[in-house]
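Text of work24.txt, listed as compact mmCIF, C-alpha atoms and all ligand atoms:
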```
# COMPACT_ATOMS: atom_id res chain seq x y z
CA MET A 267 20.22 16.14 18.11
CA PRO A 268 16.88 14.34 17.87
CA THR A 269 13.76 15.88 19.41
CA VAL A 270 11.23 14.16 21.63
CA LEU A 271 7.83 15.60 22.50
CA LEU A 272 6.37 14.51 25.85
CA ILE A 273 2.58 14.81 26.03
CA GLU A 274 1.47 14.11 29.59
CA ASP A 275 -0.93 15.91 31.93
CA ASP A 276 0.85 14.81 35.11
CA ALA A 277 3.64 17.37 35.48
CA GLU A 278 5.65 15.23 37.86
CA SER A 279 5.86 12.15 35.66
CA ARG A 280 6.48 14.38 32.62
CA ARG A 281 9.48 15.89 34.44
CA ALA A 282 10.74 12.44 35.39
CA THR A 283 10.58 11.25 31.76
CA ALA A 284 12.20 14.49 30.55
CA GLY A 285 15.08 13.75 32.92
CA LEU A 286 15.65 10.38 31.26
CA PHE A 287 15.86 11.92 27.77
CA ALA A 288 18.01 14.87 28.92
CA ARG A 289 20.73 12.46 30.04
CA GLU A 290 20.77 10.95 26.55
CA ASP A 291 21.18 14.25 24.72
CA TRP A 292 17.69 14.65 23.29
CA LYS A 293 16.02 18.00 22.73
CA ILE A 294 12.82 17.94 24.79
CA LEU A 295 9.44 19.56 24.18
CA GLU A 296 6.60 19.25 26.69
CA ALA A 297 2.83 19.55 26.47
CA GLY A 298 0.34 19.28 29.35
CA ASP A 299 -2.67 18.01 27.39
CA GLY A 300 -3.58 16.33 24.09
CA GLU A 301 -4.52 19.46 22.18
CA ALA A 302 -1.37 21.35 23.15
CA GLY A 303 0.59 18.22 22.20
CA ILE A 304 -0.95 18.10 18.71
CA ASP A 305 -0.14 21.79 18.15
CA LEU A 306 3.47 21.42 19.30
CA ALA A 307 3.94 18.28 17.23
CA LEU A 308 2.72 19.94 14.04
CA GLU A 309 4.90 23.00 14.70
CA HIS A 310 8.15 21.18 15.53
CA ARG A 311 7.75 17.79 13.76
CA PRO A 312 9.76 15.88 16.40
CA GLU A 313 11.39 12.54 15.62
CA LEU A 314 9.67 10.91 18.60
CA ILE A 315 6.49 11.50 20.61
CA LEU A 316 5.77 9.92 23.99
CA CYS A 317 2.08 10.40 24.65
CA ASP A 318 0.03 9.51 27.71
CA LEU A 319 -3.17 7.59 26.95
CA LEU A 320 -5.65 9.25 29.30
CA MET A 321 -5.47 13.03 29.19
CA PRO A 322 -7.81 16.00 29.04
CA ARG A 323 -8.49 17.72 25.70
CA ALA A 324 -7.71 14.72 23.42
CA ASN A 325 -6.67 11.27 24.63
CA GLY A 326 -3.72 9.34 23.24
CA PHE A 327 -5.78 7.58 20.54
CA GLN A 328 -7.04 10.93 19.27
CA VAL A 329 -3.54 12.40 19.30
CA CYS A 330 -2.33 9.47 17.17
CA ARG A 331 -5.20 9.75 14.72
CA ASN A 332 -4.67 13.51 14.42
CA LEU A 333 -0.95 13.29 13.79
CA ARG A 334 -0.50 10.06 11.85
CA HIS A 335 -1.25 11.53 8.43
CA SER A 336 0.66 14.79 8.83
CA LEU A 337 3.71 13.35 10.60
CA GLN A 338 4.27 10.12 8.77
CA ARG A 339 7.88 9.71 9.81
CA THR A 340 7.49 10.64 13.48
CA LYS A 341 7.39 7.65 15.82
CA ILE A 342 4.66 7.71 18.45
CA ILE A 343 4.83 5.69 21.66
CA ILE A 344 1.68 5.59 23.77
CA ILE A 345 2.26 5.43 27.53
CA SER A 346 -0.41 4.07 29.83
CA GLY A 347 -0.87 3.05 33.43
CA ARG A 348 -2.91 0.01 32.35
CA ASP A 349 -2.04 -3.05 30.40
CA TYR A 350 -5.23 -4.00 28.56
CA GLY A 351 -4.57 -5.84 25.30
CA VAL A 352 -7.46 -4.00 23.70
CA ASP A 353 -5.86 -0.61 24.53
CA ARG A 354 -2.62 -1.73 22.96
CA THR A 355 -4.40 -2.89 19.80
CA SER A 356 -6.44 0.32 19.59
CA ALA A 357 -3.30 2.43 19.99
CA ILE A 358 -1.53 0.61 17.17
CA GLU A 359 -4.63 0.88 15.00
CA ALA A 360 -4.83 4.60 15.74
CA GLY A 361 -1.31 4.95 14.36
CA ALA A 362 0.99 4.47 17.38
CA ASP A 363 4.25 2.63 16.77
CA GLU A 364 4.43 1.20 20.31
CA TYR A 365 2.53 0.95 23.57
CA LEU A 366 4.37 1.06 26.90
CA VAL A 367 3.06 0.46 30.39
CA LYS A 368 4.15 2.75 33.27
CA PRO A 369 6.39 3.10 35.19
CA ILE A 370 8.83 4.13 32.48
CA LEU A 371 12.33 2.80 32.99
CA TRP A 372 15.03 4.07 30.63
CA GLU A 373 16.26 0.54 30.01
CA HIS A 374 12.88 -0.50 28.63
CA LEU A 375 12.23 2.78 26.84
CA HIS A 376 15.63 2.63 25.17
CA GLU A 377 14.91 -0.86 23.87
CA VAL A 378 11.59 0.30 22.41
CA ILE A 379 13.18 3.39 20.81
CA GLU A 380 15.84 1.20 19.22
CA ARG A 381 13.09 -0.99 17.81
CA VAL A 382 10.95 1.77 16.32
CA MET A 383 13.94 3.91 15.27
CA PRO A 384 16.46 1.23 14.37
CA ASN A 385 19.08 3.52 12.86
CA GLY A 386 21.70 4.49 15.48
CA ASP A 387 21.68 8.13 14.40
CA LYS A 388 18.10 9.19 15.06
CA ALA A 389 18.27 12.38 13.03
CA ALA A 390 19.51 10.43 10.02
CA ILE A 391 16.15 8.68 9.78
CA LEU A 392 14.56 11.97 8.82
CA THR A 393 17.30 13.50 6.71
CA GLY A 394 19.53 10.61 5.59
CA PRO A 395 20.25 10.02 1.91
CA LEU A 396 17.84 7.86 -0.03
CA PRO A 397 19.21 4.60 -1.40
CA GLU A 398 20.72 4.69 -4.87
CA PHE A 399 19.40 2.22 -7.39
CA THR A 400 20.86 0.87 -10.58
CA PRO A 401 19.72 1.35 -13.24
CA PRO A 402 18.84 4.92 -12.30
CA SER A 403 15.72 5.07 -14.47
CA THR A 404 12.26 4.13 -13.26
CA ARG A 405 11.93 0.38 -13.18
CA LEU A 406 9.05 -1.88 -12.44
CA LYS A 407 9.18 -5.60 -11.87
CA PHE A 408 6.31 -8.06 -11.76
CA TRP A 409 6.43 -10.43 -8.77
CA GLY A 410 2.82 -11.63 -8.93
CA VAL A 411 0.38 -11.31 -11.84
CA ARG A 412 -2.38 -13.81 -11.07
CA GLY A 413 -5.91 -13.06 -9.87
CA SER A 414 -7.89 -14.57 -7.02
CA ILE A 415 -5.58 -17.37 -5.77
CA PRO A 416 -2.00 -18.54 -6.31
CA VAL A 417 -1.84 -21.33 -8.91
CA PRO A 418 1.65 -22.80 -9.08
CA GLY A 419 2.19 -25.67 -11.50
CA SER A 420 3.46 -26.70 -14.87
CA SER A 421 0.60 -25.05 -16.80
CA THR A 422 1.26 -21.59 -15.28
CA VAL A 423 5.03 -21.62 -15.05
CA GLY A 424 5.40 -19.28 -18.05
CA TYR A 425 3.44 -16.30 -16.75
CA GLY A 426 3.61 -17.28 -13.07
CA GLY A 427 1.15 -18.39 -10.44
CA ASN A 428 1.57 -15.77 -7.69
CA THR A 429 -1.05 -13.12 -6.92
CA SER A 430 -0.65 -9.34 -7.38
CA CYS A 431 2.62 -7.70 -6.47
CA ILE A 432 4.66 -5.20 -8.48
CA GLU A 433 7.84 -3.46 -7.37
CA VAL A 434 8.45 0.06 -8.61
CA ARG A 435 11.80 1.84 -8.17
CA ALA A 436 11.46 5.51 -8.99
CA ASP A 437 13.07 8.75 -7.81
CA GLY A 438 14.83 6.99 -4.91
CA GLU A 439 11.66 5.31 -3.64
CA ILE A 440 10.68 1.68 -3.47
CA ILE A 441 6.93 1.51 -4.02
CA ILE A 442 5.17 -1.84 -3.96
CA LEU A 443 1.84 -2.17 -5.71
CA GLY A 444 -0.20 -4.89 -4.04
CA ALA A 445 0.72 -7.34 -1.30
CA GLY A 446 -0.31 -10.60 -2.97
CA SER A 447 1.66 -13.82 -2.70
CA GLY A 448 4.33 -12.53 -5.12
CA MET A 449 5.48 -10.34 -2.26
CA ARG A 450 7.23 -13.29 -0.63
CA SER A 451 9.87 -13.59 -3.36
CA LEU A 452 10.23 -9.80 -3.52
CA GLY A 453 11.02 -9.74 0.21
CA ILE A 454 13.75 -12.34 -0.16
CA ALA A 455 15.27 -10.40 -3.08
CA LEU A 456 15.22 -7.10 -1.16
CA GLU A 457 16.93 -8.59 1.90
CA ASP A 458 19.50 -10.14 -0.37
CA GLU A 459 20.15 -6.80 -2.06
CA PHE A 460 20.20 -4.54 1.02
CA LYS A 461 21.80 -7.01 3.47
CA ALA A 462 22.60 -5.08 6.71
CA ASN A 463 21.34 -1.77 5.30
CA PRO A 464 17.87 -0.61 6.28
CA ILE A 465 15.09 -0.93 3.69
CA LYS A 466 12.47 1.81 3.54
CA LEU A 467 9.50 1.17 1.33
CA THR A 468 5.89 2.06 0.69
CA ILE A 469 3.19 -0.48 -0.07
CA LEU A 470 0.06 0.71 -1.87
CA ILE A 471 -2.97 -1.51 -1.27
CA SER A 472 -5.75 -1.34 -3.88
CA HIS A 473 -8.19 -3.22 -1.67
CA THR A 474 -8.10 -5.92 0.95
CA HIS A 475 -9.37 -8.92 -0.99
CA TRP A 476 -7.27 -11.88 -0.02
CA ASP A 477 -5.25 -12.09 -3.23
CA HIS A 478 -3.98 -8.53 -2.61
CA ILE A 479 -2.82 -8.84 1.01
CA GLN A 480 -1.88 -12.48 1.55
CA GLY A 481 1.84 -11.95 0.87
CA LEU A 482 2.34 -9.54 3.77
CA PRO A 483 2.65 -12.21 6.51
CA PHE A 484 5.47 -13.79 4.45
CA PHE A 485 7.33 -10.57 3.60
CA LEU A 486 10.84 -11.00 4.99
CA PRO A 487 11.69 -7.27 5.46
CA ALA A 488 8.81 -7.02 7.96
CA TYR A 489 10.68 -9.48 10.17
CA ASN A 490 13.82 -7.36 10.49
CA SER A 491 13.94 -4.39 12.88
CA LYS A 492 16.24 -2.41 10.56
CA ASN A 493 13.43 -1.94 8.04
CA SER A 494 10.53 0.51 7.80
CA LEU A 495 7.35 -0.31 5.89
CA ARG A 496 4.55 2.15 5.18
CA LEU A 497 1.28 0.54 4.11
CA LEU A 498 -1.19 2.89 2.49
CA GLY A 499 -4.74 2.13 1.49
CA TYR A 500 -8.33 3.11 1.98
CA GLU A 501 -10.77 2.04 4.63
CA GLY A 502 -12.47 -1.23 3.81
CA ALA A 503 -16.20 -1.60 3.35
CA ARG A 504 -16.69 -3.13 6.78
CA GLU A 505 -13.54 -2.52 8.79
CA GLY A 506 -10.49 -0.27 8.86
CA LEU A 507 -7.38 -1.18 6.89
CA ALA A 508 -5.26 -1.92 9.98
CA THR A 509 -7.92 -4.24 11.41
CA ILE A 510 -8.23 -6.25 8.21
CA LEU A 511 -4.47 -6.62 7.85
CA ALA A 512 -4.18 -7.66 11.51
CA ASN A 513 -7.08 -10.12 11.17
CA GLN A 514 -5.30 -12.19 8.53
CA MET A 515 -2.53 -12.69 11.12
CA GLU A 516 -4.79 -13.62 14.04
CA THR A 517 -3.53 -16.53 16.16
CA SER A 518 -6.20 -18.86 14.81
CA VAL A 519 -4.86 -18.57 11.26
CA PHE A 520 -1.23 -17.42 11.54
CA PRO A 521 1.48 -17.88 14.19
CA VAL A 522 2.85 -14.31 14.21
CA SER A 523 0.64 -11.29 14.85
CA LEU A 524 1.07 -8.12 12.80
CA ARG A 525 2.11 -6.10 15.84
CA ASP A 526 4.78 -8.67 16.76
CA MET A 527 6.58 -8.28 13.43
CA PRO A 528 9.90 -6.65 14.36
CA GLY A 529 10.09 -4.23 11.42
CA THR A 530 8.65 -0.74 11.83
CA ILE A 531 5.28 -1.03 10.12
CA SER A 532 2.96 1.92 9.82
CA ILE A 533 -0.50 1.47 8.39
CA GLU A 534 -2.08 4.65 7.12
CA GLU A 535 -5.63 4.98 5.91
CA LEU A 536 -5.70 7.39 3.02
CA LYS A 537 -8.22 10.19 2.83
CA GLU A 538 -6.76 12.13 -0.08
CA MET A 539 -6.93 11.01 -3.71
CA ASP A 540 -3.78 12.89 -4.70
CA PHE A 541 -0.61 12.75 -2.61
CA SER A 542 3.10 12.06 -2.90
CA VAL A 543 5.57 9.40 -1.89
CA GLY A 544 8.84 11.31 -1.95
CA LYS A 545 8.99 12.87 -5.41
CA VAL A 546 6.49 10.43 -6.91
CA ARG A 547 3.01 11.85 -7.30
CA ILE A 548 0.24 9.34 -6.58
CA GLN A 549 -3.31 9.81 -7.79
CA THR A 550 -6.09 7.37 -6.97
CA ARG A 551 -9.54 6.59 -8.27
CA PHE A 552 -12.29 4.33 -6.99
CA VAL A 553 -12.97 1.59 -9.52
CA ASN A 554 -15.82 -0.80 -10.30
CA HIS A 555 -15.20 -3.77 -7.98
CA PRO A 556 -17.09 -5.13 -4.94
CA GLY A 557 -16.26 -3.22 -1.74
CA ILE A 558 -13.78 -0.35 -1.59
CA CYS A 559 -11.18 -0.70 -4.35
CA VAL A 560 -8.92 1.88 -5.95
CA GLY A 561 -6.58 2.16 -8.89
CA TYR A 562 -3.30 4.07 -8.53
CA ARG A 563 -1.53 6.31 -11.00
CA LEU A 564 2.14 7.03 -10.26
CA SER A 565 3.86 9.96 -11.93
CA THR A 566 7.62 9.59 -11.75
CA SER A 567 10.28 11.88 -13.20
CA GLN A 568 10.62 9.39 -16.07
CA GLY A 569 7.07 8.45 -16.89
CA SER A 570 3.77 7.28 -15.47
CA ILE A 571 2.38 3.93 -14.36
CA ALA A 572 -1.27 3.08 -13.71
CA TYR A 573 -2.20 0.03 -11.66
CA LEU A 574 -5.82 -1.17 -11.66
CA PRO A 575 -5.57 -4.78 -10.55
CA ASP A 576 -9.29 -5.40 -10.13
CA ASN A 577 -11.81 -3.52 -12.21
CA GLU A 578 -14.97 -4.34 -14.13
CA PRO A 579 -15.89 -2.33 -17.22
CA PHE A 580 -18.61 0.19 -16.50
CA GLU A 581 -20.38 -0.97 -19.65
CA VAL A 582 -21.81 -3.77 -17.52
CA LEU A 583 -24.37 -1.35 -16.12
CA LYS A 584 -26.04 -1.23 -19.51
CA VAL A 585 -26.88 -4.89 -19.19
CA THR A 586 -27.61 -5.54 -15.54
CA GLN A 587 -29.59 -2.45 -14.73
CA ALA A 588 -31.45 -2.66 -17.97
CA ASP A 589 -32.43 -6.21 -17.17
CA ARG A 590 -33.63 -5.21 -13.74
CA GLU A 591 -35.52 -2.12 -14.67
CA LYS A 592 -36.03 -1.41 -18.35
CA SER A 593 -37.32 2.13 -17.80
CA ASP A 594 -34.02 3.14 -16.21
CA LEU A 595 -31.98 2.05 -19.20
CA ASN A 596 -31.12 5.56 -20.30
CA LYS A 597 -30.14 6.64 -16.81
CA ALA A 598 -27.92 3.57 -16.46
CA ARG A 599 -26.29 4.25 -19.82
CA ALA A 600 -25.63 7.85 -18.87
CA TYR A 601 -24.07 6.81 -15.57
CA ALA A 602 -21.88 4.18 -17.25
CA ALA A 603 -20.74 6.65 -19.89
CA THR A 604 -19.79 9.27 -17.29
CA ALA A 605 -17.97 6.73 -15.12
CA ARG A 606 -16.04 5.38 -18.08
CA ALA A 607 -15.14 8.88 -19.28
CA GLY A 608 -13.78 9.65 -15.81
CA LEU A 609 -11.61 6.55 -15.94
CA VAL A 610 -10.35 7.43 -19.45
CA GLU A 611 -9.37 10.86 -18.14
CA PHE A 612 -7.63 9.33 -15.10
CA LEU A 613 -5.58 7.08 -17.39
CA SER A 614 -5.03 9.67 -20.08
CA GLY A 615 -1.62 9.42 -21.77
CA VAL A 616 -0.23 6.97 -19.22
CA ASP A 617 3.01 5.24 -20.22
CA ILE A 618 2.32 1.89 -18.60
CA LEU A 619 -1.18 0.61 -17.88
CA ILE A 620 -1.46 -2.55 -15.78
CA ILE A 621 -5.10 -3.58 -15.63
CA ASP A 622 -7.45 -6.42 -14.76
CA ALA A 623 -8.12 -8.45 -17.91
CA GLN A 624 -9.24 -11.63 -16.19
CA TYR A 625 -11.79 -12.85 -18.75
CA THR A 626 -12.10 -13.40 -22.45
CA ASP A 627 -15.15 -11.70 -23.93
CA ASP A 628 -17.03 -15.04 -24.03
CA GLU A 629 -16.22 -15.88 -20.42
CA TYR A 630 -17.26 -12.42 -19.33
CA LEU A 631 -20.81 -12.98 -20.54
CA HIS A 632 -21.13 -15.51 -17.70
CA LYS A 633 -19.20 -13.44 -15.16
CA ILE A 634 -20.98 -10.09 -15.33
CA GLY A 635 -21.01 -8.45 -11.92
CA TRP A 636 -18.01 -10.43 -10.62
CA GLY A 637 -15.88 -7.26 -10.62
CA HIS A 638 -13.33 -8.13 -13.29
CA GLY A 639 -12.38 -6.99 -16.76
CA SER A 640 -12.88 -8.52 -20.18
CA LEU A 641 -10.37 -8.40 -23.00
CA SER A 642 -12.01 -6.13 -25.56
CA SER A 643 -13.30 -3.64 -22.97
CA VAL A 644 -9.81 -3.36 -21.47
CA VAL A 645 -8.21 -2.84 -24.87
CA SER A 646 -10.75 -0.20 -25.89
CA LEU A 647 -10.33 1.60 -22.55
CA ALA A 648 -6.53 1.64 -22.97
CA LEU A 649 -6.85 2.87 -26.57
CA ASP A 650 -9.30 5.61 -25.62
CA ALA A 651 -6.97 6.72 -22.81
CA GLY A 652 -4.00 6.80 -25.20
CA ALA A 653 -1.89 4.46 -23.06
CA ARG A 654 1.57 3.78 -24.46
CA LYS A 655 1.85 0.19 -23.27
CA LEU A 656 -0.87 -2.08 -21.92
CA PHE A 657 -0.17 -5.02 -19.63
CA LEU A 658 -2.99 -7.54 -19.25
CA PHE A 659 -3.04 -8.41 -15.54
CA HIS A 660 -4.85 -10.45 -12.84
CA HIS A 661 -4.83 -13.54 -15.06
CA ASP A 662 -7.62 -15.97 -14.29
CA PRO A 663 -6.42 -18.85 -12.07
CA ASN A 664 -7.87 -21.28 -14.63
CA ARG A 665 -5.93 -19.76 -17.52
CA ASP A 666 -2.84 -21.73 -18.55
CA ASP A 667 0.15 -20.17 -20.34
CA LYS A 668 -1.24 -21.00 -23.76
CA GLY A 669 -4.51 -19.29 -22.81
CA VAL A 670 -2.67 -16.12 -21.77
CA ASP A 671 -0.73 -16.19 -25.07
CA GLU A 672 -4.05 -16.34 -26.91
CA MET A 673 -5.37 -13.38 -24.92
CA VAL A 674 -2.30 -11.35 -25.93
CA GLU A 675 -2.78 -12.34 -29.59
CA SER A 676 -6.44 -11.27 -29.53
CA ALA A 677 -5.57 -7.99 -27.82
CA ARG A 678 -2.90 -7.24 -30.43
CA MET A 679 -5.39 -7.92 -33.22
CA LEU A 680 -7.82 -5.43 -31.69
CA VAL A 681 -5.07 -2.80 -31.45
CA LEU A 682 -4.06 -3.48 -35.04
CA GLU A 683 -7.65 -2.97 -36.18
CA SER A 684 -7.75 0.35 -34.30
CA GLY A 685 -4.74 1.62 -36.25
CA LYS A 686 -3.24 3.05 -33.05
CA PRO A 687 0.35 2.38 -31.97
CA MET A 688 -0.21 0.93 -28.48
CA GLU A 689 1.97 -2.00 -27.37
CA VAL A 690 0.29 -4.93 -25.58
CA ASP A 691 1.72 -7.69 -23.45
CA ALA A 692 0.61 -9.91 -20.61
CA ALA A 693 2.22 -9.27 -17.23
CA ARG A 694 4.71 -12.04 -16.56
CA GLU A 695 6.22 -12.90 -13.19
CA GLY A 696 9.90 -11.89 -13.10
CA SER A 697 9.77 -9.53 -16.09
CA GLU A 698 10.98 -5.95 -15.78
CA VAL A 699 10.20 -2.69 -17.54
CA TRP A 700 12.36 0.44 -17.55
CA LEU A 701 10.62 3.72 -18.21
CA GLY A 702 13.48 6.21 -18.49
CA ALA A 703 15.44 4.06 -20.89
CA GLN A 704 12.28 3.09 -22.84
CA ARG A 705 13.56 -0.44 -22.61
CA SER A 706 11.66 -3.58 -21.70
CA ARG A 707 12.25 -7.27 -21.71
ZN ZN A 801 -8.00 -9.60 -7.12
ZN ZN A 802 -10.74 -8.07 -5.56
```
Render the structure in this file as structure tokens.
Amino acid sequence: MPTVLLIEDDAESRRATAGLFAREDWKILEAGDGEAGIDLALEHRPELILCDLLMPRANGFQVCRNLRHSLQRTKIIIISGRDYGVDRTSAIEAGADEYLVKPILWEHLHEVIERVMPNGDKAAILTGPLPEFTPPSTRLKFWGVRGSIPVPGSSTVGYGGNTSCIEVRADGEIIILGAGSGMRSLGIALEDEFKANPIKLTILISHTHWDHIQGLPFFLPAYNSKNSLRLLGYEGAREGLATILANQMETSVFPVSLRDMPGTISIEELKEMDFSVGKVRIQTRFVNHPGICVGYRLSTSQGSIAYLPDNEPFEVLKVTQADREKSDLNKARAYAATARAGLVEFLSGVDILIIDAQYTDDEYLHKIGWGHGSLSSVVSLALDAGARKLFLFHHDPNRDDKGVDEMVESARMLVLESGKPMEVDAAREGSEVWLGAQRSR
């Protein structure tokens, strides 16, 4: 029997709503103010929360913000006597799944519950079996490997022209790294594979630069109410994650708004740098790139994957700061060395390293401070970290297939000179890597 928590200071309307749920066989918990509601929610972890917007001791927005991180699977519906668009938007941004205007009629409420909890058996959403994948080992697939902007065409057909998107299947989870334009094809493939079955997946956003979020509006599973998408990322430099993702779907630039997508989409701003998605441990680290940008390290039962789509070598500080202020050269060097050592530790012993290698060393001399990697610095970082396999990633939009081949050749030469056994390849759209089976193609 699923549980609903009603948080509402008006006892009479709380009783009326409780009556509606009682008829439908729900277990009902009640709280008379926001604080009591938060406590009850954390204690009982209900499947559904109906929360009034304006209440003493924590309003509905605060309740959502307080609970969203701890109760990631609980659906929260905000109830309000007023129908201001801005309230609705704020509620969704605070972590609510829906916003309903009073009076509450069961007919309407039922429709909303079906939308946010699409599976007929409500309890199954929380306890149901995870999908089985074949092959059973950890698999990753590249759907977008390009940096900055999609560049389709005959000169990029070999490595692919779509921007960042990688699908990881590990320990029963589908984890998507990056929401670049490659996400469109991934969405079509997922719908094709799952058909009428619900898809549950987690999307990790490194940062909100356009090439890392532009696939989301075209992601087919978001348009089907059977599916649940969790988007995780950090707050942007200027605005919150939810606001930025919603802004790229504003009416002036896109016909469907984020909140009108029928799939259940939760956007969660991360605070922790070490957390889990199911059994997969996720560690994050801020990297050297304009704004707020992180790299992710995934530890699965069959090996680890690090994803640093945009990152500039810290060595750059030696040049730029030295040029600006010669007396601070030593300080700058010390900072760069510490930052690099931290990154080496973060990547230590990783099985698969996917990292920004946008420029050749020559190009980089003219692109210092642009926030992207150069070939030899990426190779030396990977070698120092003891990575097993390095994938050059975030290929420059101006680089044709032959140019990427040459980058791979140069990288392999550098590895050969080092005498270490690391494998190097360039990420290629459509290619897959299996960790458990130690097999790649
Ligand atoms: Zn990028
Ligand atoms: Zn970027």
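Rounded to one decimal, atom CA of Lys341 of chain A and atom CA of Asp291 of chain A lie 17.7 Å from each other.
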Quiz item: From the set A:Gly506, A:Pro416, A:Gly615, A:Gly557, which residue has the shortest atom-to-atom contact distance to Ser356 of chain A, counting only C-alpha atoms?
Solution: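 Going through A:Gly506, A:Pro416, A:Gly615, A:Gly557 one by one, the smallest distance to Ser356 of chain A is for A:Gly506.
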Around ligand ZN 801 (chain A), which protein and nucleic acid residues have at least one atom no more than 10 Å from it, if we count only C-alpha atoms and all ligand atoms? List them as number ranges by chain.
A: 411-415, 429-430, 444, 446, 472-479, 555, 559, 574-577, 622, 624, 637-638, 659-662
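Between ligand ZN 802 (chain A) and the candidates A:Asn554, A:Ile454, A:Val690, A:Leu631, the tightest atom-to-atom separation, counting only C-alpha atoms and all ligand atoms, involves A:Asn554.
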Option closest in space to Ile358 of chain A, from A:Ser542, A:Ser451, A:Thr517, A:Gln328 [counting all atoms listed in the file] =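 Closest to Ile358 of chain A, using all atoms listed in the file: A:Gln328.
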- Point-to-point distance from atom CA of Leu609 of chain A to atom CA of Glu629 of chain A, Å rounded to tenths: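 Separating atom CA of Leu609 of chain A from atom CA of Glu629 of chain A is a distance of 23.3 Å.
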- request: To one decimal in Å, tell me the separation between atom CA of Ala602 of chain A and atom CA of Glu581 of chain A.
  value: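 Between atom CA of Ala602 of chain A and atom CA of Glu581 of chain A the gap works out to 5.9 Å.
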So that I can see what lies close to Glu695 of chain A, please list as an NGL selection string the residues with an atom at most 6 Å from it, counting only C-alpha atoms and leaving out residues fewer than 5 positions away in the same chain. :A and (408-410 or 425-426)
Excluding Thr355 of chain A and its own-chain neighbours fewer than 5 positions away, which residues fall within 10 Å of it when counting all atoms listed in the file? Please give them as a PyMOL selection string. chain A and resi 350+360+362+364-365+508-509+512+525
Neighbours of Leu536 of chain A within 12 Å (all atoms listed in the file; same-chain residues fewer than 5 positions away dropped), as a ChimeraX atom specification? /A:331,334-336,338,470-473,496-502,506-508,541-542,548-551,560
